[in-house]
Amino acid sequence: MEKRNLRVVKWLASTPAAGECTQCRLQFSVPLPALQRVSDAQESLRKQFTEHKCAGTDKAGTDKTDKAGTDKKETVRA
């Protein structure tokens, strides 16, 4: 199972403006007031990432959704 990490996906100059979880791809954005200071923006992303629960994975950490984000259907044939 891949360990989840926070990846910054959007920058405004040297300030992180948006990030995503590398495991579930949930996106996080920095509120406008926090964009005024780099440390506030970093803390906002870190807090959102730490508090989220990865969606779309089972307890074993395997992906339960296809690339379109819909549930995969399992077919059982007799």
# chains A, B, ... in the order shown; residues from 1 in each chain; ligands from 1
$ residues_around --residues "Gln23 (chain A)" --least-positions-apart "5" --cutoff "8 Å" --atoms "only C-alpha atoms" --output "PDB file with N, CA and C atoms, in the first residue's frame"
ATOM      1  N   GLU A   2       0.581   2.166  -0.879  1.00  0.00           N
ATOM      2  CA  GLU A   2       1.329   3.401  -0.989  1.00  0.00           C
ATOM      3  C   GLU A   2       1.011   4.299   0.201  1.00  0.00           C
ATOM      4  N   LYS A   3       2.040   4.875   0.799  1.00  0.00           N
ATOM      5  CA  LYS A   3       1.825   5.810   1.897  1.00  0.00           C
ATOM      6  C   LYS A   3       1.295   7.119   1.315  1.00  0.00           C
ATOM      7  N   ARG A   4       0.293   7.687   1.954  1.00  0.00           N
ATOM      8  CA  ARG A   4      -0.266   8.930   1.435  1.00  0.00           C
ATOM      9  C   ARG A   4       0.646  10.103   1.767  1.00  0.00           C
ATOM     10  N   ASN A   5       0.722  11.029   0.830  1.00  0.00           N
ATOM     11  CA  ASN A   5       1.518  12.238   0.984  1.00  0.00           C
ATOM     12  C   ASN A   5       0.726  13.414   0.453  1.00  0.00           C
ATOM     13  N   CYS A  54      -9.000   9.198   3.595  1.00  0.00           N
ATOM     14  CA  CYS A  54      -8.959   8.826   2.179  1.00  0.00           C
ATOM     15  C   CYS A  54     -10.246   8.112   1.786  1.00  0.00           C
TER      16      CYS A  54
END
$ residues_around --residues "region 46-48 of chain A" --least-positions-apart "5" --cutoff "9 Å" --atoms "only C-alpha atoms" --output "ChimeraX atom specification"
/A:6,28-29,41
$ write_last_selection --atoms "N, CA and C atoms" --output "compact mmCIF listing (two decimals), in the first residue's frame"
# COMPACT_ATOMS: atom_id res chain seq x y z
N LEU A 6 1.10 14.60 0.90
CA LEU A 6 0.50 15.83 0.40
C LEU A 6 1.38 16.35 -0.73
N PHE A 28 -7.21 19.94 -1.94
CA PHE A 28 -7.32 20.92 -0.86
C PHE A 28 -6.94 22.28 -1.41
N SER A 29 -7.63 23.32 -0.96
CA SER A 29 -7.27 24.67 -1.40
C SER A 29 -7.08 25.57 -0.19
N ALA A 41 -0.32 29.52 4.58
CA ALA A 41 -0.78 28.66 3.48
C ALA A 41 -0.31 27.22 3.69
$ residues_around --residues "Leu32 (chain A)" --least-positions-apart "2" --cutoff "12 Å" --atoms "only C-alpha atoms" --output "list of chain:residue names"
A:Leu12, A:Thr15, A:Pro16, A:Ala17, A:Ala18, A:Ser29, A:Val30, A:Ala34, A:Leu35, A:Gln36, A:Arg37, A:Val38, A:Asp40, A:Ala41, A:Ser44
$ atom_distance --atom1 "CA of Lys53 (chain A)" --atom2 "CA of Ala13 (chain A)"
29.4 Å
$ residues_around --residues "Glu20 (chain A)" --least-positions-apart "5" --cutoff "7 Å" --atoms "only C-alpha atoms" --output "ChimeraX atom specification"
/A:6-9,25-28
$ write_last_selection --atoms "N, CA and C atoms" --output "short mmCIF file (atom, residue, chain, number, x, y, z; two decimals), in the first residue's frame"
data_model
loop_
_atom_site.label_atom_id
_atom_site.label_comp_id
_atom_site.auth_asym_id
_atom_site.auth_seq_id
_atom_site.Cartn_x
_atom_site.Cartn_y
_atom_site.Cartn_z
N LEU A 6 1.10 14.60 0.90
CA LEU A 6 0.50 15.83 0.40
C LEU A 6 1.38 16.35 -0.73
N ARG A 7 0.79 16.55 -1.90
CA ARG A 7 1.51 17.09 -3.06
C ARG A 7 0.93 18.46 -3.38
N VAL A 8 1.78 19.48 -3.49
CA VAL A 8 1.32 20.81 -3.89
C VAL A 8 1.14 20.79 -5.40
N VAL A 9 -0.05 21.19 -5.86
CA VAL A 9 -0.36 21.15 -7.29
C VAL A 9 -0.55 22.53 -7.90
N ARG A 25 -6.33 11.27 -4.10
CA ARG A 25 -6.45 12.40 -5.03
C ARG A 25 -7.43 13.48 -4.57
N LEU A 26 -7.80 13.50 -3.29
CA LEU A 26 -8.65 14.56 -2.76
C LEU A 26 -7.88 15.87 -2.83
N GLN A 27 -8.55 16.93 -3.31
CA GLN A 27 -7.89 18.22 -3.48
C GLN A 27 -8.20 19.14 -2.30
N PHE A 28 -7.21 19.94 -1.94
CA PHE A 28 -7.32 20.92 -0.86
C PHE A 28 -6.94 22.28 -1.41
#
$ select_by_dssp --residues "region 1-51 of chain A" --states "helix (DSSP H, G or I)" --output "JSON, numbers by chain"
{"A": [32, 33, 34, 35, 36, 38, 39, 40, 41, 42, 43, 44, 45, 46, 47, 48, 49, 50, 51]}
